Amino acid sequence: MIDKLEEVERKFERLTADLSNPDIISDTTKLQRVSKERAGLEKLVEAFRAYRKVLADLKEVEAWLGSSDPDEKAYARESLPGLKAQRDEMEAELKILLLPKDPNDDKNVILEIRAGAGGDEAGLFAEEVMQMYLRYADRKGWKAEIMDMSAGGAGGVKDVSIMLSGDGVYSHLKYESGVHRVQRVPATEAQGRIHTSTITVSVMPEAEDVDIKINPADVEMQVMRSTGSGGQSVNTTDSAVRLIHKPSGIVVKCQQEKSQTKNRAMAERMLRAKLYEIEQERIRNERDSMRRGQVGTGDRSEKIRTYNFPQDRLTDHRIGLTVHNLPAIMGGGVEDVITACRTHYQAEALKQQMGSGPGASA
């Protein structure tokens with residue numbers, strides 16, 4: 001591990017020197033590439049340098065154990081446990097930082113939430129989960145744009161697409177994809193019976209033009225008047241846009257803006273993200289034996305989480321996590337759950353990389 005870390009440090013130092021190279025400074029594209037690559041290594045290099053200092057301190061203190069000075073010996077015996085614990089903690093952090101980086105981690109995302117089984121109750125819960133993620137995004141300092149939204153029959157939402165932009169959005173939300181189940185007594189239930197409803201959440205990394213090239217001839221555009229939630233102020237003009245990608249059959253629509261041009265631009269971003277997700281899924285399937293432990297693939301059939309309101313309990317079935325205080329979680333306080341999922345799958349990826357038996361790829 002040390003050899004690999006030293007190699008990374010040398011690369012970091014070369015990139016740092018490149019930032020002073022006039023040829024690179026004068027080329028905006030090269031400068032951005034070098035800056036981004038250097039920034040991606042900075043945290044790992046800083047952690048390695050701190051780890052190396054702890055190793056040096058540990059070596060020095062261990063040498064004091066053989067000292068003829070009783071004070072040095074006593075200090076060594078007292079300091080060693082703490083230094084060893086610090087070393088072990090830093091080693092664990094470095095192993096995680098050395099894991100291959102998901103190229104999508106720094107991307108913005110398109111978050112789609114759809115009501116599933118459960119009728120009006122599913123639509124109401126879909127809106128609550130939408131608000132949960134919007135509040136979480138606000139806490140993270142991310143920008144949120146509602147790209148399209150269809151109202152449900154009882155005031156909830158049938159489906160909604162939201163663009164979330166900010167620092168490392170996909171790295172935080174990529175494990176949120178899947179079926180979210182709610183168990184509670186609906187407001188319309190006269191006899192107090194607990195109902196079970198579901199919604200689906202899809203987290204797609206935003207695709208850049210360089211990721212997905214779309215042939216304009218493959219896309220049919222339809223325009224219409226905006227309707228429903230978000231469209232009431234623009235329903236006198238044909239500003240809403242629907243794009244149909246003929247080769248794949250994918251249909252996207254956007255009606256949130258008053259401008260047809262802006263709606264088309266948003267719809268194109270949604271279409272690129274969906275096509276990119278299909279391509280990513282194809283690659284994931286090809287590498288299934290290596291990445292079987294990964295989640296967040298957009299598989300809608302797997303129940304990943306249950307929100308049980310009578311018991312004030314959230315359970316993530318993938319990692320065996322149970323937490324309480326649903327009002328705080330639905331208010332945007334979902335950070336602990338998201339962090340627990342990220343930590344779990346980082347540990348699984350680490351097991352896989354180290355080849356630690358059959359459990360590593362389960």
# chains A, B, ... in the order shown; residues from 1 in each chain; ligands from 1
$ select_by_dssp --residues "stretch 26-266 of chain A" --states "alpha helix (DSSP H)" --output "MDAnalysis selection string"
chainID A and resid 28:64 70:97 120:140 169:173 260:266
$ residues_around --residues "A:Gly153" --least-positions-apart "4" --cutoff "10 Å" --atoms "only C-alpha atoms" --output "PDB file with C-alpha atoms, in the first residue's frame"
ATOM      1  CA  GLY A 119     -53.336   4.783  -5.049  1.00  0.00           C
ATOM      2  CA  ASP A 120     -53.689   8.269  -3.565  1.00  0.00           C
ATOM      3  CA  GLU A 121     -51.615   7.331  -0.510  1.00  0.00           C
ATOM      4  CA  GLY A 123     -48.974   9.898  -4.399  1.00  0.00           C
ATOM      5  CA  LEU A 124     -49.061  11.650  -1.039  1.00  0.00           C
ATOM      6  CA  VAL A 157     -47.603  13.815  -6.969  1.00  0.00           C
ATOM      7  CA  LYS A 158     -47.909  11.093  -9.565  1.00  0.00           C
TER       8      LYS A 158
END
$ residues_around --residues "A:Ala50" --least-positions-apart "4" --cutoff "12 Å" --atoms "only C-alpha atoms" --output "tab-separated table (two decimals) with N, CA, C and O atoms, in the first residue's frame"
chain	number	residue	atom	x	y	z
A	43	LYS	N	-7.09	14.96	-1.22
A	43	LYS	CA	-7.51	14.38	0.06
A	43	LYS	C	-6.69	13.14	0.40
A	43	LYS	O	-6.27	12.94	1.55
A	44	LEU	N	-6.46	12.30	-0.61
A	44	LEU	CA	-5.68	11.08	-0.40
A	44	LEU	C	-4.24	11.40	-0.02
A	44	LEU	O	-3.68	10.80	0.91
A	45	VAL	N	-3.64	12.37	-0.69
A	45	VAL	CA	-2.25	12.74	-0.41
A	45	VAL	C	-2.13	13.34	0.99
A	45	VAL	O	-1.19	13.02	1.74
A	46	GLU	N	-3.06	14.19	1.36
A	46	GLU	CA	-3.02	14.78	2.71
A	46	GLU	C	-3.15	13.70	3.78
A	46	GLU	O	-2.45	13.73	4.80
A	54	VAL	N	2.49	9.78	11.52
A	54	VAL	CA	2.15	8.91	12.64
A	54	VAL	C	3.07	7.69	12.67
A	54	VAL	O	3.52	7.26	13.74
A	55	LEU	N	3.39	7.14	11.50
A	55	LEU	CA	4.32	6.01	11.44
A	55	LEU	C	5.69	6.39	11.99
A	55	LEU	O	6.35	5.61	12.71
A	56	ALA	N	6.16	7.60	11.64
A	56	ALA	CA	7.46	8.07	12.14
A	56	ALA	C	7.42	8.27	13.65
A	56	ALA	O	8.36	7.88	14.36
A	57	ASP	N	6.32	8.84	14.15
A	57	ASP	CA	6.18	9.02	15.59
A	57	ASP	C	6.16	7.67	16.31
A	57	ASP	O	6.77	7.49	17.38
A	86	GLN	N	-4.40	5.19	16.26
A	86	GLN	CA	-4.44	6.23	15.23
A	86	GLN	C	-3.93	5.69	13.89
A	86	GLN	O	-4.51	5.95	12.84
A	87	ARG	N	-2.87	4.88	13.95
A	87	ARG	CA	-2.32	4.27	12.74
A	87	ARG	C	-3.36	3.37	12.07
A	87	ARG	O	-3.58	3.44	10.86
A	89	GLU	N	-6.62	3.40	12.36
A	89	GLU	CA	-7.73	4.20	11.84
A	89	GLU	C	-7.36	4.86	10.52
A	89	GLU	O	-8.16	4.88	9.57
A	90	MET	N	-6.14	5.37	10.44
A	90	MET	CA	-5.68	6.03	9.21
A	90	MET	C	-5.52	5.02	8.08
A	90	MET	O	-5.81	5.32	6.92
A	91	GLU	N	-5.06	3.82	8.41
A	91	GLU	CA	-4.91	2.78	7.39
A	91	GLU	C	-6.27	2.43	6.79
A	91	GLU	O	-6.39	2.26	5.57
A	93	GLU	N	-8.89	4.36	6.60
A	93	GLU	CA	-9.33	5.49	5.77
A	93	GLU	C	-8.60	5.49	4.43
A	93	GLU	O	-9.22	5.72	3.38
A	94	LEU	N	-7.30	5.21	4.45
A	94	LEU	CA	-6.51	5.21	3.22
A	94	LEU	C	-6.97	4.11	2.27
A	94	LEU	O	-6.99	4.30	1.05
$ closest_residue --among "A:Arg135, A:Arg14, A:Arg52, A:Lys303" --to "A:Thr198" --atoms "only C-alpha atoms"
A:Lys303
$ atom_distance --atom1 "atom CA of A:Ala340" --atom2 "atom CA of A:Val323"
10.8 Å
$ closest_residue --among "A:Asp167, A:Glu60, A:Asp23, A:Glu268" --to "A:Asp105" --atoms "only C-alpha atoms"
A:Asp167
$ residues_around --residues "A:Thr322" --least-positions-apart "4" --cutoff "12 Å" --atoms "only C-alpha atoms" --output "JSON, numbers by chain"
{"A": [305, 306, 307, 308, 311, 312, 313, 314, 315, 316, 317, 318, 326, 336, 337, 340, 341]}
$ closest_residue --among "A:Met221, A:Leu80, A:Val129, A:Leu99" --to "A:Glu176" --atoms "only C-alpha atoms"
A:Val129
$ atom_distance --atom1 "atom CA of A:Ile329" --atom2 "atom CA of A:Leu97"
28.4 Å
$ atom_distance --atom1 "atom CA of A:Gly192" --atom2 "atom CA of A:Gly156"
20.6 Å
$ residues_around --residues "stretch 33-37 of chain A" --least-positions-apart "4" --cutoff "9 Å" --atoms "only C-alpha atoms" --output "PyMOL selection string"
chain A and resi 12+15-16+18-19+24+28-29+41-42
$ write_last_selection --atoms "C-alpha atoms" --output "compact mmCIF listing (two decimals), in the first residue's frame"
# COMPACT_ATOMS: atom_id res chain seq x y z
CA PHE A 12 0.12 14.88 -7.19
CA LEU A 15 0.27 17.98 -11.27
CA THR A 16 1.01 20.76 -8.76
CA ASP A 18 2.00 21.64 -14.00
CA LEU A 19 -0.25 24.34 -12.57
CA ILE A 24 -0.87 24.68 -19.37
CA THR A 28 -8.05 26.61 -20.48
CA THR A 29 -9.01 23.01 -21.29
CA LEU A 41 -5.90 13.34 -5.36
CA GLU A 42 -5.52 16.06 -2.72
$ decode --residues "stretch 252-266 of chain A" --atoms "all heavy atoms" --output "PDB file, in the first residue's frame"
ATOM      1  N   VAL A 252     -39.656  11.868 -22.724  1.00  0.00           N
ATOM      2  CA  VAL A 252     -39.476  12.797 -21.602  1.00  0.00           C
ATOM      3  C   VAL A 252     -40.289  14.045 -21.890  1.00  0.00           C
ATOM      4  O   VAL A 252     -40.534  14.388 -23.058  1.00  0.00           O
ATOM      5  CB  VAL A 252     -37.989  13.170 -21.383  1.00  0.00           C
ATOM      6  CG1 VAL A 252     -37.170  11.962 -21.003  1.00  0.00           C
ATOM      7  CG2 VAL A 252     -37.400  13.836 -22.627  1.00  0.00           C
ATOM      8  N   LYS A 253     -40.711  14.716 -20.824  1.00  0.00           N
ATOM      9  CA  LYS A 253     -41.453  15.955 -21.029  1.00  0.00           C
ATOM     10  C   LYS A 253     -41.061  16.977 -19.972  1.00  0.00           C
ATOM     11  O   LYS A 253     -40.624  16.620 -18.875  1.00  0.00           O
ATOM     12  CB  LYS A 253     -42.959  15.720 -20.998  1.00  0.00           C
ATOM     13  CG  LYS A 253     -43.514  15.186 -19.698  1.00  0.00           C
ATOM     14  CD  LYS A 253     -45.008  14.850 -19.854  1.00  0.00           C
ATOM     15  CE  LYS A 253     -45.567  14.220 -18.574  1.00  0.00           C
ATOM     16  NZ  LYS A 253     -45.714  15.194 -17.498  1.00  0.00           N
ATOM     17  N   CYS A 254     -41.196  18.233 -20.330  1.00  0.00           N
ATOM     18  CA  CYS A 254     -40.889  19.319 -19.394  1.00  0.00           C
ATOM     19  C   CYS A 254     -41.853  20.465 -19.663  1.00  0.00           C
ATOM     20  O   CYS A 254     -42.058  20.867 -20.806  1.00  0.00           O
ATOM     21  CB  CYS A 254     -39.444  19.781 -19.563  1.00  0.00           C
ATOM     22  SG  CYS A 254     -38.955  21.011 -18.341  1.00  0.00           S
ATOM     23  N   GLN A 255     -42.433  21.001 -18.581  1.00  0.00           N
ATOM     24  CA  GLN A 255     -43.403  22.083 -18.732  1.00  0.00           C
ATOM     25  C   GLN A 255     -43.237  23.152 -17.654  1.00  0.00           C
ATOM     26  O   GLN A 255     -44.096  24.002 -17.482  1.00  0.00           O
ATOM     27  CB  GLN A 255     -44.821  21.511 -18.667  1.00  0.00           C
ATOM     28  CG  GLN A 255     -45.162  20.858 -17.336  1.00  0.00           C
ATOM     29  CD  GLN A 255     -46.615  20.422 -17.252  1.00  0.00           C
ATOM     30  OE1 GLN A 255     -47.285  20.291 -18.266  1.00  0.00           O
ATOM     31  NE2 GLN A 255     -47.097  20.222 -16.036  1.00  0.00           N
ATOM     32  N   GLN A 256     -42.100  23.106 -16.931  1.00  0.00           N
ATOM     33  CA  GLN A 256     -41.966  23.986 -15.765  1.00  0.00           C
ATOM     34  C   GLN A 256     -41.651  25.434 -16.133  1.00  0.00           C
ATOM     35  O   GLN A 256     -41.957  26.348 -15.392  1.00  0.00           O
ATOM     36  CB  GLN A 256     -40.887  23.450 -14.822  1.00  0.00           C
ATOM     37  CG  GLN A 256     -41.211  22.093 -14.213  1.00  0.00           C
ATOM     38  CD  GLN A 256     -42.549  22.070 -13.513  1.00  0.00           C
ATOM     39  OE1 GLN A 256     -43.495  21.448 -13.964  1.00  0.00           O
ATOM     40  NE2 GLN A 256     -42.647  22.789 -12.415  1.00  0.00           N
ATOM     41  N   GLU A 257     -40.999  25.644 -17.291  1.00  0.00           N
ATOM     42  CA  GLU A 257     -40.618  27.000 -17.674  1.00  0.00           C
ATOM     43  C   GLU A 257     -41.673  27.625 -18.593  1.00  0.00           C
ATOM     44  O   GLU A 257     -42.435  26.919 -19.263  1.00  0.00           O
ATOM     45  CB  GLU A 257     -39.257  26.965 -18.387  1.00  0.00           C
ATOM     46  CG  GLU A 257     -38.111  26.450 -17.529  1.00  0.00           C
ATOM     47  CD  GLU A 257     -37.750  27.392 -16.402  1.00  0.00           C
ATOM     48  OE1 GLU A 257     -38.037  28.603 -16.515  1.00  0.00           O
ATOM     49  OE2 GLU A 257     -37.168  26.928 -15.404  1.00  0.00           O
ATOM     50  N   LYS A 258     -41.691  28.949 -18.669  1.00  0.00           N
ATOM     51  CA  LYS A 258     -42.612  29.640 -19.563  1.00  0.00           C
ATOM     52  C   LYS A 258     -42.102  29.631 -20.998  1.00  0.00           C
ATOM     53  O   LYS A 258     -42.855  29.848 -21.931  1.00  0.00           O
ATOM     54  CB  LYS A 258     -42.806  31.083 -19.089  1.00  0.00           C
ATOM     55  CG  LYS A 258     -43.483  31.197 -17.731  1.00  0.00           C
ATOM     56  CD  LYS A 258     -43.677  32.653 -17.352  1.00  0.00           C
ATOM     57  CE  LYS A 258     -44.339  32.771 -15.976  1.00  0.00           C
ATOM     58  NZ  LYS A 258     -44.540  34.171 -15.570  1.00  0.00           N
ATOM     59  N   SER A 259     -40.791  29.373 -21.146  1.00  0.00           N
ATOM     60  CA  SER A 259     -40.170  29.387 -22.467  1.00  0.00           C
ATOM     61  C   SER A 259     -40.080  27.983 -23.035  1.00  0.00           C
ATOM     62  O   SER A 259     -39.587  27.062 -22.379  1.00  0.00           O
ATOM     63  CB  SER A 259     -38.772  30.003 -22.369  1.00  0.00           C
ATOM     64  OG  SER A 259     -37.975  29.634 -23.465  1.00  0.00           O
ATOM     65  N   GLN A 260     -40.538  27.823 -24.289  1.00  0.00           N
ATOM     66  CA  GLN A 260     -40.422  26.529 -24.962  1.00  0.00           C
ATOM     67  C   GLN A 260     -38.949  26.143 -25.124  1.00  0.00           C
ATOM     68  O   GLN A 260     -38.584  24.974 -24.986  1.00  0.00           O
ATOM     69  CB  GLN A 260     -41.105  26.612 -26.336  1.00  0.00           C
ATOM     70  CG  GLN A 260     -41.144  25.285 -27.076  1.00  0.00           C
ATOM     71  CD  GLN A 260     -41.706  25.446 -28.477  1.00  0.00           C
ATOM     72  OE1 GLN A 260     -40.978  25.316 -29.451  1.00  0.00           O
ATOM     73  NE2 GLN A 260     -42.997  25.753 -28.585  1.00  0.00           N
ATOM     74  N   THR A 261     -38.102  27.125 -25.394  1.00  0.00           N
ATOM     75  CA  THR A 261     -36.670  26.855 -25.572  1.00  0.00           C
ATOM     76  C   THR A 261     -36.055  26.296 -24.299  1.00  0.00           C
ATOM     77  O   THR A 261     -35.293  25.327 -24.332  1.00  0.00           O
ATOM     78  CB  THR A 261     -35.934  28.150 -25.979  1.00  0.00           C
ATOM     79  OG1 THR A 261     -36.518  28.667 -27.180  1.00  0.00           O
ATOM     80  CG2 THR A 261     -34.453  27.882 -26.203  1.00  0.00           C
ATOM     81  N   LYS A 262     -36.399  26.895 -23.152  1.00  0.00           N
ATOM     82  CA  LYS A 262     -35.865  26.411 -21.876  1.00  0.00           C
ATOM     83  C   LYS A 262     -36.399  25.021 -21.559  1.00  0.00           C
ATOM     84  O   LYS A 262     -35.674  24.163 -21.045  1.00  0.00           O
ATOM     85  CB  LYS A 262     -36.212  27.390 -20.747  1.00  0.00           C
ATOM     86  CG  LYS A 262     -35.439  28.698 -20.819  1.00  0.00           C
ATOM     87  CD  LYS A 262     -35.800  29.598 -19.642  1.00  0.00           C
ATOM     88  CE  LYS A 262     -35.021  30.897 -19.682  1.00  0.00           C
ATOM     89  NZ  LYS A 262     -35.377  31.802 -18.554  1.00  0.00           N
ATOM     90  N   ASN A 263     -37.680  24.797 -21.846  1.00  0.00           N
ATOM     91  CA  ASN A 263     -38.250  23.475 -21.595  1.00  0.00           C
ATOM     92  C   ASN A 263     -37.580  22.423 -22.470  1.00  0.00           C
ATOM     93  O   ASN A 263     -37.335  21.296 -22.028  1.00  0.00           O
ATOM     94  CB  ASN A 263     -39.763  23.486 -21.853  1.00  0.00           C
ATOM     95  CG  ASN A 263     -40.545  24.079 -20.692  1.00  0.00           C
ATOM     96  OD1 ASN A 263     -40.122  23.979 -19.541  1.00  0.00           O
ATOM     97  ND2 ASN A 263     -41.670  24.700 -20.983  1.00  0.00           N
ATOM     98  N   ARG A 264     -37.280  22.767 -23.709  1.00  0.00           N
ATOM     99  CA  ARG A 264     -36.602  21.807 -24.582  1.00  0.00           C
ATOM    100  C   ARG A 264     -35.204  21.498 -24.042  1.00  0.00           C
ATOM    101  O   ARG A 264     -34.774  20.341 -24.034  1.00  0.00           O
ATOM    102  CB  ARG A 264     -36.505  22.335 -26.015  1.00  0.00           C
ATOM    103  CG  ARG A 264     -35.612  21.427 -26.858  1.00  0.00           C
ATOM    104  CD  ARG A 264     -35.793  21.529 -28.333  1.00  0.00           C
ATOM    105  NE  ARG A 264     -35.010  20.463 -28.966  1.00  0.00           N
ATOM    106  CZ  ARG A 264     -35.272  19.956 -30.136  1.00  0.00           C
ATOM    107  NH1 ARG A 264     -36.334  20.357 -30.811  1.00  0.00           N
ATOM    108  NH2 ARG A 264     -34.506  19.021 -30.657  1.00  0.00           N
ATOM    109  N   ALA A 265     -34.489  22.526 -23.596  1.00  0.00           N
ATOM    110  CA  ALA A 265     -33.137  22.305 -23.067  1.00  0.00           C
ATOM    111  C   ALA A 265     -33.181  21.379 -21.854  1.00  0.00           C
ATOM    112  O   ALA A 265     -32.351  20.477 -21.709  1.00  0.00           O
ATOM    113  CB  ALA A 265     -32.495  23.647 -22.699  1.00  0.00           C
ATOM    114  N   MET A 266     -34.163  21.588 -20.966  1.00  0.00           N
ATOM    115  CA  MET A 266     -34.308  20.721 -19.793  1.00  0.00           C
ATOM    116  C   MET A 266     -34.663  19.295 -20.212  1.00  0.00           C
ATOM    117  O   MET A 266     -34.131  18.326 -19.674  1.00  0.00           O
ATOM    118  CB  MET A 266     -35.380  21.268 -18.854  1.00  0.00           C
ATOM    119  CG  MET A 266     -34.898  22.352 -17.907  1.00  0.00           C
ATOM    120  SD  MET A 266     -36.128  22.663 -16.617  1.00  0.00           S
ATOM    121  CE  MET A 266     -35.164  23.691 -15.501  1.00  0.00           C
TER     122      MET A 266
END
